[in-house]
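Source file: target-v1.cif; contents: mmCIF, C-alpha atoms and all ligand atoms.
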```cif
data_input
loop_
_atom_site.group_PDB
_atom_site.id
_atom_site.type_symbol
_atom_site.label_atom_id
_atom_site.label_comp_id
_atom_site.auth_asym_id
_atom_site.auth_seq_id
_atom_site.Cartn_x
_atom_site.Cartn_y
_atom_site.Cartn_z
ATOM 1 C CA MET A 1 184.182 140.612 81.994
ATOM 2 C CA MET A 2 186.386 142.863 79.850
ATOM 3 C CA THR A 3 190.138 142.191 80.116
ATOM 4 C CA ALA A 4 191.894 144.989 82.009
ATOM 5 C CA ALA A 5 194.282 147.158 80.001
ATOM 6 C CA LEU A 6 196.832 146.693 82.761
ATOM 7 C CA GLU A 7 196.707 144.406 85.758
ATOM 8 C CA ILE A 8 199.587 144.604 88.182
ATOM 9 C CA SER A 9 199.711 142.433 91.243
ATOM 10 C CA GLY A 10 202.053 142.244 94.195
ATOM 11 C CA LEU A 11 204.854 144.297 92.619
ATOM 12 C CA ARG A 12 207.868 144.734 94.861
ATOM 13 C CA LYS A 13 211.274 146.314 94.423
ATOM 14 C CA ASN A 14 214.113 146.909 96.838
ATOM 15 C CA PHE A 15 217.181 148.999 96.054
ATOM 16 C CA ALA A 16 219.754 147.693 98.567
ATOM 17 C CA THR A 17 218.022 148.335 101.908
ATOM 18 C CA LYS A 18 215.484 150.800 100.473
ATOM 19 C CA VAL A 19 212.017 149.338 99.838
ATOM 20 C CA ALA A 20 210.944 151.395 96.807
ATOM 21 C CA VAL A 21 207.766 149.452 95.966
ATOM 22 C CA ASP A 22 206.174 147.411 98.711
ATOM 23 C CA GLY A 23 203.531 145.202 97.120
ATOM 24 C CA ILE A 24 201.553 147.309 94.654
ATOM 25 C CA SER A 25 198.459 145.868 92.970
ATOM 26 C CA LEU A 26 196.342 147.909 90.594
ATOM 27 C CA THR A 27 193.793 147.287 87.858
ATOM 28 C CA ILE A 28 193.604 149.766 85.000
ATOM 29 C CA PRO A 29 190.260 149.142 83.261
ATOM 30 C CA ALA A 30 190.291 149.190 79.452
ATOM 31 C CA GLY A 31 189.175 152.600 78.195
ATOM 32 C CA SER A 32 190.142 154.445 81.368
ATOM 33 C CA PHE A 33 192.298 157.535 81.819
ATOM 34 C CA TYR A 34 194.206 156.696 84.984
ATOM 35 C CA GLY A 35 196.248 159.155 87.045
ATOM 36 C CA VAL A 36 198.937 158.019 89.461
ATOM 37 C CA LEU A 37 199.781 160.514 92.195
ATOM 38 C CA GLY A 38 202.418 160.384 94.919
ATOM 39 C CA SER A 39 205.004 162.476 96.713
ATOM 40 C CA ASN A 40 208.606 162.641 95.493
ATOM 41 C CA GLY A 41 210.159 159.231 96.066
ATOM 42 C CA ALA A 42 206.806 157.504 96.677
ATOM 43 C CA GLY A 43 207.620 154.769 94.148
ATOM 44 C CA LYS A 44 205.586 155.808 91.072
ATOM 45 C CA THR A 45 208.394 155.606 88.514
ATOM 46 C CA THR A 46 209.698 152.338 89.954
ATOM 47 C CA ALA A 47 206.210 150.788 89.893
ATOM 48 C CA LEU A 48 205.408 151.996 86.359
ATOM 49 C CA SER A 49 208.824 150.854 85.072
ATOM 50 C CA MET A 50 208.121 147.354 86.389
ATOM 51 C CA ALA A 51 204.560 147.431 85.046
ATOM 52 C CA VAL A 52 205.766 148.007 81.469
ATOM 53 C CA GLY A 53 208.710 145.616 81.576
ATOM 54 C CA LEU A 54 211.558 148.125 81.839
ATOM 55 C CA LEU A 55 212.634 147.106 85.355
ATOM 56 C CA ARG A 56 212.573 143.555 86.666
ATOM 57 C CA PRO A 57 210.501 143.276 89.856
ATOM 58 C CA ASP A 58 211.675 141.340 92.910
ATOM 59 C CA ALA A 59 208.159 139.924 93.078
ATOM 60 C CA GLY A 60 204.774 140.315 91.423
ATOM 61 C CA ARG A 61 203.618 140.437 87.840
ATOM 62 C CA SER A 62 202.093 142.716 85.256
ATOM 63 C CA LEU A 63 199.609 141.797 82.534
ATOM 64 C CA VAL A 64 198.923 144.015 79.509
ATOM 65 C CA PHE A 65 195.547 142.992 78.077
ATOM 66 C CA GLY A 66 196.220 139.595 79.630
ATOM 67 C CA HIS A 67 199.808 139.257 78.337
ATOM 68 C CA ASP A 68 202.551 138.996 80.944
ATOM 69 C CA VAL A 69 205.232 141.633 80.274
ATOM 70 C CA TRP A 70 207.985 139.271 81.424
ATOM 71 C CA THR A 71 206.890 135.880 80.033
ATOM 72 C CA ASP A 72 205.129 137.171 76.883
ATOM 73 C CA PRO A 73 207.018 140.425 76.261
ATOM 74 C CA VAL A 74 206.655 140.632 72.477
ATOM 75 C CA ARG A 75 202.864 140.580 72.543
ATOM 76 C CA ALA A 76 202.607 142.715 75.684
ATOM 77 C CA LYS A 77 205.010 145.373 74.403
ATOM 78 C CA ALA A 78 203.324 145.606 71.000
ATOM 79 C CA LEU A 79 200.233 146.808 72.850
ATOM 80 C CA ILE A 80 201.849 149.522 74.969
ATOM 81 C CA GLY A 81 203.404 152.873 74.264
ATOM 82 C CA VAL A 82 205.716 154.031 77.027
ATOM 83 C CA LEU A 83 207.119 157.411 77.985
ATOM 84 C CA PRO A 84 209.671 156.504 80.647
ATOM 85 C CA ASP A 85 211.303 158.831 83.122
ATOM 86 C CA GLY A 86 214.703 160.028 81.823
ATOM 87 C CA LEU A 87 214.164 158.604 78.368
ATOM 88 C CA ALA A 88 217.301 157.292 76.614
ATOM 89 C CA MET A 89 217.269 158.299 72.939
ATOM 90 C CA PRO A 90 219.614 158.003 69.978
ATOM 91 C CA GLU A 91 221.100 161.469 70.611
ATOM 92 C CA ARG A 92 222.809 162.118 67.287
ATOM 93 C CA LEU A 93 219.667 161.782 65.179
ATOM 94 C CA THR A 94 217.011 164.349 64.344
ATOM 95 C CA GLY A 95 213.453 163.811 65.604
ATOM 96 C CA ARG A 96 212.397 162.527 62.172
ATOM 97 C CA GLU A 97 215.338 160.124 62.050
ATOM 98 C CA VAL A 98 214.574 158.782 65.556
ATOM 99 C CA LEU A 99 210.937 158.121 64.685
ATOM 100 C CA THR A 100 211.793 156.587 61.311
ATOM 101 C CA TYR A 101 214.473 154.356 62.833
ATOM 102 C CA LEU A 102 212.235 153.152 65.678
ATOM 103 C CA GLY A 103 209.266 152.735 63.321
ATOM 104 C CA MET A 104 211.370 150.536 61.033
ATOM 105 C CA LEU A 105 212.451 148.452 64.033
ATOM 106 C CA ARG A 106 208.757 148.010 64.805
ATOM 107 C CA GLY A 107 208.198 146.794 61.243
ATOM 108 C CA ILE A 108 205.775 149.580 60.278
ATOM 109 C CA ASP A 109 205.194 149.784 56.518
ATOM 110 C CA ARG A 110 207.375 152.556 54.961
ATOM 111 C CA ALA A 111 204.566 154.652 53.442
ATOM 112 C CA GLN A 112 202.480 154.417 56.605
ATOM 113 C CA LEU A 113 205.508 155.241 58.732
ATOM 114 C CA ARG A 114 206.292 158.363 56.710
ATOM 115 C CA ARG A 115 202.713 159.567 57.149
ATOM 116 C CA ARG A 116 202.723 158.898 60.888
ATOM 117 C CA VAL A 117 206.085 160.647 61.357
ATOM 118 C CA ASP A 118 204.839 163.689 59.413
ATOM 119 C CA ASP A 119 201.636 163.761 61.479
ATOM 120 C CA LEU A 120 203.378 163.399 64.852
ATOM 121 C CA LEU A 121 206.116 165.960 64.115
ATOM 122 C CA GLY A 122 203.462 168.391 62.855
ATOM 123 C CA VAL A 123 200.959 167.978 65.690
ATOM 124 C CA LEU A 124 203.677 168.205 68.354
ATOM 125 C CA GLU A 125 205.266 171.195 66.554
ATOM 126 C CA LEU A 126 208.625 169.501 66.222
ATOM 127 C CA ASP A 127 208.641 170.022 62.457
ATOM 128 C CA GLN A 128 209.942 173.587 62.718
ATOM 129 C CA GLN A 129 213.351 172.352 63.867
ATOM 130 C CA GLU A 130 213.785 169.486 61.440
ATOM 131 C CA LYS A 131 217.593 169.774 61.417
ATOM 132 C CA THR A 132 217.982 169.835 65.216
ATOM 133 C CA LEU A 133 219.572 166.741 66.742
ATOM 134 C CA VAL A 134 217.941 165.190 69.817
ATOM 135 C CA ILE A 135 221.074 166.045 71.830
ATOM 136 C CA GLU A 136 220.271 169.724 71.157
ATOM 137 C CA TYR A 137 216.602 169.400 72.192
ATOM 138 C CA SER A 138 215.221 171.293 75.193
ATOM 139 C CA THR A 139 213.718 169.257 78.058
ATOM 140 C CA GLY A 140 210.193 169.910 76.788
ATOM 141 C CA MET A 141 211.117 168.926 73.225
ATOM 142 C CA ARG A 142 212.580 165.676 74.544
ATOM 143 C CA LYS A 143 209.298 164.993 76.308
ATOM 144 C CA LYS A 144 207.415 165.599 73.067
ATOM 145 C CA ILE A 145 209.617 163.347 70.930
ATOM 146 C CA GLY A 146 209.312 160.714 73.674
ATOM 147 C CA LEU A 147 205.550 160.974 73.420
ATOM 148 C CA ALA A 148 205.769 160.672 69.622
ATOM 149 C CA VAL A 149 207.814 157.461 70.057
ATOM 150 C CA ALA A 150 205.167 156.124 72.457
ATOM 151 C CA LEU A 151 202.371 156.822 69.936
ATOM 152 C CA LEU A 152 204.136 155.739 66.735
ATOM 153 C CA HIS A 153 202.988 152.094 66.624
ATOM 154 C CA ALA A 154 199.368 153.003 67.536
ATOM 155 C CA PRO A 155 199.343 151.127 70.855
ATOM 156 C CA ARG A 156 196.193 150.314 72.853
ATOM 157 C CA LEU A 157 197.633 151.439 76.177
ATOM 158 C CA LEU A 158 199.849 154.436 76.925
ATOM 159 C CA VAL A 159 201.916 154.515 80.125
ATOM 160 C CA LEU A 160 203.400 157.979 80.498
ATOM 161 C CA ASP A 161 205.648 159.075 83.347
ATOM 162 C CA GLU A 162 204.984 162.781 83.943
ATOM 163 C CA PRO A 163 204.124 163.609 80.307
ATOM 164 C CA PHE A 164 203.422 167.290 81.063
ATOM 165 C CA GLU A 165 206.586 168.011 83.031
ATOM 166 C CA ALA A 166 208.648 170.819 81.418
ATOM 167 C CA VAL A 167 206.184 171.173 78.530
ATOM 168 C CA ASP A 168 204.973 174.690 77.620
ATOM 169 C CA PRO A 169 201.237 175.494 78.016
ATOM 170 C CA VAL A 170 200.465 175.387 74.298
ATOM 171 C CA SER A 171 202.128 171.992 73.867
ATOM 172 C CA ALA A 172 200.469 170.776 77.073
ATOM 173 C CA ALA A 173 197.063 171.626 75.622
ATOM 174 C CA THR A 174 197.969 169.706 72.445
ATOM 175 C CA ILE A 175 199.109 166.678 74.467
ATOM 176 C CA ARG A 176 195.915 166.808 76.540
ATOM 177 C CA THR A 177 193.832 166.778 73.367
ATOM 178 C CA ILE A 178 195.867 163.908 71.859
ATOM 179 C CA LEU A 179 195.396 161.832 75.010
ATOM 180 C CA GLN A 180 191.682 162.626 75.322
ATOM 181 C CA ARG A 181 191.116 161.641 71.680
ATOM 182 C CA PHE A 182 193.151 158.483 72.238
ATOM 183 C CA VAL A 183 190.807 157.466 75.071
ATOM 184 C CA GLU A 184 187.689 158.480 73.097
ATOM 185 C CA GLY A 185 188.978 156.217 70.309
ATOM 186 C CA GLY A 186 189.048 153.226 72.678
ATOM 187 C CA GLY A 187 192.597 153.555 74.041
ATOM 188 C CA SER A 188 193.645 153.481 77.703
ATOM 189 C CA VAL A 189 196.063 155.893 79.348
ATOM 190 C CA VAL A 190 198.067 155.851 82.586
ATOM 191 C CA ILE A 191 199.917 159.020 83.565
ATOM 192 C CA SER A 192 201.876 159.915 86.650
ATOM 193 C CA SER A 193 201.749 163.539 87.668
ATOM 194 C CA HIS A 194 202.204 165.973 90.515
ATOM 195 C CA VAL A 195 199.638 168.399 89.127
ATOM 196 C CA MET A 196 196.339 167.796 90.922
ATOM 197 C CA ALA A 197 194.273 170.093 88.680
ATOM 198 C CA LEU A 198 195.504 168.236 85.619
ATOM 199 C CA VAL A 199 194.663 164.818 87.035
ATOM 200 C CA GLU A 200 191.305 166.095 88.268
ATOM 201 C CA GLY A 201 190.494 167.543 84.832
ATOM 202 C CA LEU A 202 191.701 164.640 82.698
ATOM 203 C CA CYS A 203 191.486 161.369 84.583
ATOM 204 C CA ASP A 204 188.483 159.218 85.401
ATOM 205 C CA HIS A 205 190.479 156.978 87.764
ATOM 206 C CA VAL A 206 193.229 157.797 90.227
ATOM 207 C CA ALA A 207 195.673 155.974 92.483
ATOM 208 C CA VAL A 208 197.666 157.586 95.276
ATOM 209 C CA VAL A 209 201.019 155.943 95.997
ATOM 210 C CA ASN A 210 202.564 156.552 99.383
ATOM 211 C CA ASP A 211 205.767 155.011 100.650
ATOM 212 C CA GLY A 212 205.740 152.224 98.047
ATOM 213 C CA ARG A 213 202.099 151.251 98.630
ATOM 214 C CA ILE A 214 198.689 152.161 97.255
ATOM 215 C CA ALA A 215 196.996 154.496 99.729
ATOM 216 C CA ALA A 216 193.801 154.823 97.655
ATOM 217 C CA ALA A 217 192.685 153.815 94.156
ATOM 218 C CA GLY A 218 189.551 153.744 92.050
ATOM 219 C CA PRO A 219 187.178 155.992 90.111
ATOM 220 C CA ILE A 220 188.173 159.582 90.852
ATOM 221 C CA ALA A 221 184.705 160.476 92.216
ATOM 222 C CA ASP A 222 184.964 157.652 94.777
ATOM 223 C CA VAL A 223 188.492 158.622 95.862
ATOM 224 C CA ARG A 224 187.578 162.321 96.129
ATOM 225 C CA ALA A 225 184.203 161.790 97.823
ATOM 226 C CA ASN A 226 183.229 165.424 97.108
ATOM 227 C CA ARG A 227 186.507 166.827 98.435
ATOM 228 C CA PRO A 228 189.174 168.575 96.338
ATOM 229 C CA LEU A 229 191.731 165.992 95.170
ATOM 230 C CA GLU A 230 194.534 168.009 96.751
ATOM 231 C CA ASP A 231 192.926 167.706 100.222
ATOM 232 C CA VAL A 232 192.485 163.962 99.744
ATOM 233 C CA PHE A 233 196.099 163.633 98.627
ATOM 234 C CA VAL A 234 197.451 165.635 101.569
ATOM 235 C CA SER A 235 195.420 163.624 104.074
ATOM 236 C CA LEU A 236 196.524 160.324 102.499
ATOM 237 C CA VAL A 237 200.242 161.113 102.406
ATOM 238 C CA GLY A 238 200.127 162.728 105.844
ATOM 239 C CA ALA A 239 201.847 165.995 104.920
ATOM 240 C CA SER A 240 203.221 167.993 107.820
ATOM 241 C CA ALA A 241 203.453 171.789 108.053
ATOM 242 C CA PRO A 242 206.129 173.308 105.767
ATOM 243 C CA ARG A 243 209.537 173.467 107.529
ATOM 244 C CA THR A 244 211.016 176.800 106.492
ATOM 245 C CA GLU A 245 212.073 178.233 109.846
ATOM 246 C CA GLY A 246 215.735 177.279 109.222
ATOM 247 C CA LEU A 247 215.907 179.688 106.266
ATOM 248 C CA SER A 248 215.855 182.938 108.231
ATOM 249 C CA TRP A 249 219.207 183.862 106.562
ATOM 250 C CA LEU A 250 217.242 184.398 103.323
ATOM 251 C CA SER A 251 215.349 187.361 104.845
ATOM 252 C CA ARG A 252 216.755 190.894 104.651
HETATM 253 N N1 LIG B 301 218.112 153.001 90.828
HETATM 254 C C1 LIG B 301 217.864 153.278 92.110
HETATM 255 N N2 LIG B 301 218.761 153.005 93.067
HETATM 256 C C2 LIG B 301 218.500 153.261 94.368
HETATM 257 N N3 LIG B 301 217.349 153.796 94.821
HETATM 258 C C3 LIG B 301 216.405 154.095 93.901
HETATM 259 C C4 LIG B 301 216.615 153.868 92.505
HETATM 260 N N4 LIG B 301 215.501 154.270 91.839
HETATM 261 C C5 LIG B 301 214.657 154.747 92.779
HETATM 262 N N5 LIG B 301 215.201 154.637 94.017
HETATM 263 C C6 LIG B 301 214.554 155.015 95.280
HETATM 264 O O1 LIG B 301 213.289 154.382 95.313
HETATM 265 C C7 LIG B 301 212.303 155.264 95.852
HETATM 266 C C8 LIG B 301 211.175 155.445 94.844
HETATM 267 O O2 LIG B 301 211.681 156.217 93.752
HETATM 268 P P1 LIG B 301 210.776 156.563 92.482
HETATM 269 O O3 LIG B 301 211.666 157.218 91.480
HETATM 270 O O4 LIG B 301 210.030 155.355 92.060
HETATM 271 O O5 LIG B 301 209.751 157.627 93.104
HETATM 272 P P2 LIG B 301 208.705 158.580 92.372
HETATM 273 O O6 LIG B 301 207.405 158.402 93.099
HETATM 274 O O7 LIG B 301 208.675 158.335 90.913
HETATM 275 O O8 LIG B 301 209.308 160.014 92.709
HETATM 276 P P3 LIG B 301 209.261 161.421 91.900
HETATM 277 O O9 LIG B 301 207.867 161.926 92.044
HETATM 278 O O10 LIG B 301 210.237 162.268 92.667
HETATM 279 O O11 LIG B 301 209.678 161.165 90.493
HETATM 280 C C9 LIG B 301 213.039 156.550 96.232
HETATM 281 O O12 LIG B 301 213.377 156.477 97.594
HETATM 282 C C10 LIG B 301 214.293 156.510 95.380
HETATM 283 O O13 LIG B 301 215.355 157.173 96.023
#
```

Take the structure in the file and write it out as structure tokens.
Amino acid sequence: MMTAALEISGLRKNFATKVAVDGISLTIPAGSFYGVLGSNGAGKTTALSMAVGLLRPDAGRSLVFGHDVWTDPVRAKALIGVLPDGLAMPERLTGREVLTYLGMLRGIDRAQLRRRVDDLLGVLELDQQEKTLVIEYSTGMRKKIGLAVALLHAPRLLVLDEPFEAVDPVSAATIRTILQRFVEGGGSVVISSHVMALVEGLCDHVAVVNDGRIAAAGPIADVRANRPLEDVFVSLVGASAPRTEGLSWLSR
């Protein structure tokens, strides 16, 4: 059997009395494009942060192509590219400087690094503001440079927390194409998103997280069972009718 790109089992995390992740297990098959859905506060970011070794779990483990992110972090982390939520960046560098600096830390050969940086800045259209420091970047530009950082070392698995959030439609189309080509080339991708149409159009697998647990997971066709993904999501998370009656003071 092929080794899974990502295998997480029994992940748990409490923040004081709040149970953020309550025993999440998930297998991301190699070569899959996996979407993770969930309401605000469902536990997606916490679970993904633990899965990639950015946040220490209270319990459970995470294997990247069979390598444990906590006991074998060097090998595991060489295989993953991560776009975390609220990415911390060297703020006083330009995009090119950030990529060059991080590429050198990764030990990428100088000539190869220069080519990759040129390619990434060009494709993501960050080369028009070469002199702009990251601290001056817009939210969408920060997302794009974060994605460039995740791609720089040519990983086998991408784990991207809301990669399309705040990104303009043209850049979103570019990112979609990059990710689709990455999967066609044998890579595996995990994204979290709130946009059902995007997950439905891009992903072949989906997991719905609700209240720190997996409510459903598997090939998207199985989870949908001929229903629109949005209907499945709403029924799984048990959404109630919108509560807007208290806002009568907004009406004229
Ligand atoms: N550092 C923290 N300290 C305390 N509570 C936290 C912390 N990080 C997350 N939480 C709580 O854990 C729960 C899960 O949060 P998480 O950010 O993982 O959700 P999410 O599914 O990614 O939400 P969103 O879709 O809004 O980004 C929430 O109740 C949140 O308030």

Give me, as a ChimeraX atom specification, all polymer residues having an atom no more than 10 Å from range 107-118 of chain A, counting only C-alpha atoms and skipping those fewer than 5 positions away in the same chain.
/A:95-102,123,126-127,148-149,151-154

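If you count all atoms listed in the file and ignore residues fewer than 3 places along the chain from Gly81 in chain A, what sits within 10 Å of it is Val52, Lys77, Ala78, Pro84, Gly146, Leu147, Ala148, Val149, Ala150, Leu151, Leu152, His153, Ala154, Pro155, Arg156, Leu157, Leu158, Val159, Leu160 and Val189 of chain A.
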
With distances taken over only C-alpha atoms and all ligand atoms, which residue among A:Val183, A:Ala217, A:Val223, A:Met50 lies nearest ligand LIG 301 (chain B)?
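With only C-alpha atoms and all ligand atoms as the atom set, the closest residue is A:Met50.
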
Produce as an MDAnalysis selection string the set of residues near ligand LIG 301 (chain B), where near means within 6 Å with all atoms listed in the file considered.
chainID A and resid 15 20 38:46

Give the answer as one residue: which of A:Gly53, A:Gly186, A:Gly140, A:Gly23 has the shortest atom-to-atom distance to Gly212 in chain A, using all atoms listed in the file?
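Ranked by minimum distance to Gly212 in chain A, first place goes to A:Gly23.
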
List the spatial neighbours of range 6-12 of chain A as an MDAnalysis selection string - criterion: any atom at most 8 Å away, all atoms listed in the file, same-chain residues fewer than 5 positions off excluded.
chainID A and resid 19:30 47 50:51 57:66

Output C-alpha atoms for every residue in that selection, as a compact mmCIF listing (two decimals), keeping the file's coordinate frame.
```txt
# COMPACT_ATOMS: atom_id res chain seq x y z
CA VAL A 19 212.02 149.34 99.84
CA ALA A 20 210.94 151.40 96.81
CA VAL A 21 207.77 149.45 95.97
CA ASP A 22 206.17 147.41 98.71
CA GLY A 23 203.53 145.20 97.12
CA ILE A 24 201.55 147.31 94.65
CA SER A 25 198.46 145.87 92.97
CA LEU A 26 196.34 147.91 90.59
CA THR A 27 193.79 147.29 87.86
CA ILE A 28 193.60 149.77 85.00
CA PRO A 29 190.26 149.14 83.26
CA ALA A 30 190.29 149.19 79.45
CA ALA A 47 206.21 150.79 89.89
CA MET A 50 208.12 147.35 86.39
CA ALA A 51 204.56 147.43 85.05
CA PRO A 57 210.50 143.28 89.86
CA ASP A 58 211.68 141.34 92.91
CA ALA A 59 208.16 139.92 93.08
CA GLY A 60 204.77 140.32 91.42
CA ARG A 61 203.62 140.44 87.84
CA SER A 62 202.09 142.72 85.26
CA LEU A 63 199.61 141.80 82.53
CA VAL A 64 198.92 144.01 79.51
CA PHE A 65 195.55 142.99 78.08
CA GLY A 66 196.22 139.60 79.63
```

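When all atoms listed in the file are used to measure the gap to Arg176 in chain A, the shortest distance among A:Cys203, A:Leu250, A:Met196, A:Ala225 belongs to A:Cys203.
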
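Counting all atoms listed in the file and comparing A:Ala216, A:Met2, A:Leu124, A:Ala197, the residue that lies closest to Val170 in chain A is A:Leu124.
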
Could you list the residues chosen by the PyMOL selection byres (((chain A and resi 204) around 8) and not hetatm) in this structure as a list in words?
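For this structure, the PyMOL selection byres (((chain A and resi 204) around 8) and not hetatm) captures Ser32, Phe33, Tyr34, Gly35, Glu200, Leu202, Cys203, His205, Val206, Pro219, Ile220 and Ala221 of chain A.
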
For Glu230 in chain A, which of A:Val208, A:Ala215, A:Val167, A:Ala172 is the closest residue, counting all atoms listed in the file?
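Using all atoms listed in the file, Glu230 in chain A sits closest to A:Val208.
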
Expected axis-aligned box over every listed atom of range 224-231 of chain A, 6 Å added per side, centre plus edges in Å to one decimal, as lines of an AutoDock Vina configuration file:
```
center_x = 188.9
center_y = 165.2
center_z = 97.7
size_x = 23.3
size_y = 18.8
size_z = 17.1
```

I'd like the interatomic distance between CA of Val134 in chain A and CA of Val74 in chain A, to a tenth of an Å.
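Atom-to-atom, CA of Val134 in chain A and CA of Val74 in chain A are spaced 27.2 Å apart.
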
Supply range 223-247 of chain A as a CSV table (one decimal), in the coordinates of the input, with N, CA and C atoms built in where the input has gaps.
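Contents of rebuild_15.csv, freshly written:
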```csv
chain,number,residue,atom,x,y,z
A,223,VAL,N,187.3,158.3,95.1
A,223,VAL,CA,188.5,158.6,95.9
A,223,VAL,C,188.3,160.0,96.4
A,224,ARG,N,187.8,160.9,95.7
A,224,ARG,CA,187.6,162.3,96.1
A,224,ARG,C,186.5,162.4,97.2
A,225,ALA,N,185.4,161.7,96.9
A,225,ALA,CA,184.2,161.8,97.8
A,225,ALA,C,183.8,163.3,98.1
A,226,ASN,N,183.6,164.0,97.0
A,226,ASN,CA,183.2,165.4,97.1
A,226,ASN,C,184.3,166.4,97.7
A,227,ARG,N,185.5,165.9,97.9
A,227,ARG,CA,186.5,166.8,98.4
A,227,ARG,C,187.5,167.2,97.3
A,228,PRO,N,188.2,168.3,97.4
A,228,PRO,CA,189.2,168.6,96.3
A,228,PRO,C,190.3,167.5,96.4
A,229,LEU,N,190.7,167.1,95.2
A,229,LEU,CA,191.7,166.0,95.2
A,229,LEU,C,193.0,166.3,96.0
A,230,GLU,N,193.3,167.6,96.0
A,230,GLU,CA,194.5,168.0,96.8
A,230,GLU,C,194.4,167.7,98.3
A,231,ASP,N,193.2,168.0,98.8
A,231,ASP,CA,192.9,167.7,100.2
A,231,ASP,C,193.0,166.2,100.5
A,232,VAL,N,192.4,165.4,99.6
A,232,VAL,CA,192.5,164.0,99.7
A,232,VAL,C,193.9,163.5,99.7
A,233,PHE,N,194.7,164.0,98.8
A,233,PHE,CA,196.1,163.6,98.6
A,233,PHE,C,196.9,164.0,99.9
A,234,VAL,N,196.7,165.2,100.4
A,234,VAL,CA,197.5,165.6,101.6
A,234,VAL,C,197.1,164.8,102.8
A,235,SER,N,195.8,164.4,102.9
A,235,SER,CA,195.4,163.6,104.1
A,235,SER,C,196.0,162.2,103.9
A,236,LEU,N,196.0,161.7,102.7
A,236,LEU,CA,196.5,160.3,102.5
A,236,LEU,C,198.0,160.2,102.7
A,237,VAL,N,198.8,161.2,102.3
A,237,VAL,CA,200.2,161.1,102.4
A,237,VAL,C,200.7,161.7,103.7
A,238,GLY,N,199.8,162.3,104.5
A,238,GLY,CA,200.1,162.7,105.8
A,238,GLY,C,201.1,163.9,105.8
A,239,ALA,N,200.9,164.9,105.0
A,239,ALA,CA,201.8,166.0,104.9
A,239,ALA,C,201.9,166.8,106.2
A,240,SER,N,203.1,167.2,106.6
A,240,SER,CA,203.2,168.0,107.8
A,240,SER,C,203.4,169.5,107.4
A,241,ALA,N,203.3,170.4,108.4
A,241,ALA,CA,203.5,171.8,108.1
A,241,ALA,C,204.8,172.1,107.4
A,242,PRO,N,204.9,173.0,106.4
A,242,PRO,CA,206.1,173.3,105.8
A,242,PRO,C,207.2,173.7,106.8
A,243,ARG,N,208.4,173.2,106.6
A,243,ARG,CA,209.5,173.5,107.5
A,243,ARG,C,210.5,174.5,106.9
A,244,THR,N,210.2,175.8,107.1
A,244,THR,CA,211.0,176.8,106.5
A,244,THR,C,211.7,177.7,107.5
A,245,GLU,N,211.5,177.3,108.8
A,245,GLU,CA,212.1,178.2,109.8
A,245,GLU,C,213.6,178.3,109.8
A,246,GLY,N,214.3,177.3,109.3
A,246,GLY,CA,215.7,177.3,109.2
A,246,GLY,C,216.3,178.2,108.1
A,247,LEU,N,215.4,178.9,107.4
A,247,LEU,CA,215.9,179.7,106.3
A,247,LEU,C,215.9,181.2,106.6
```
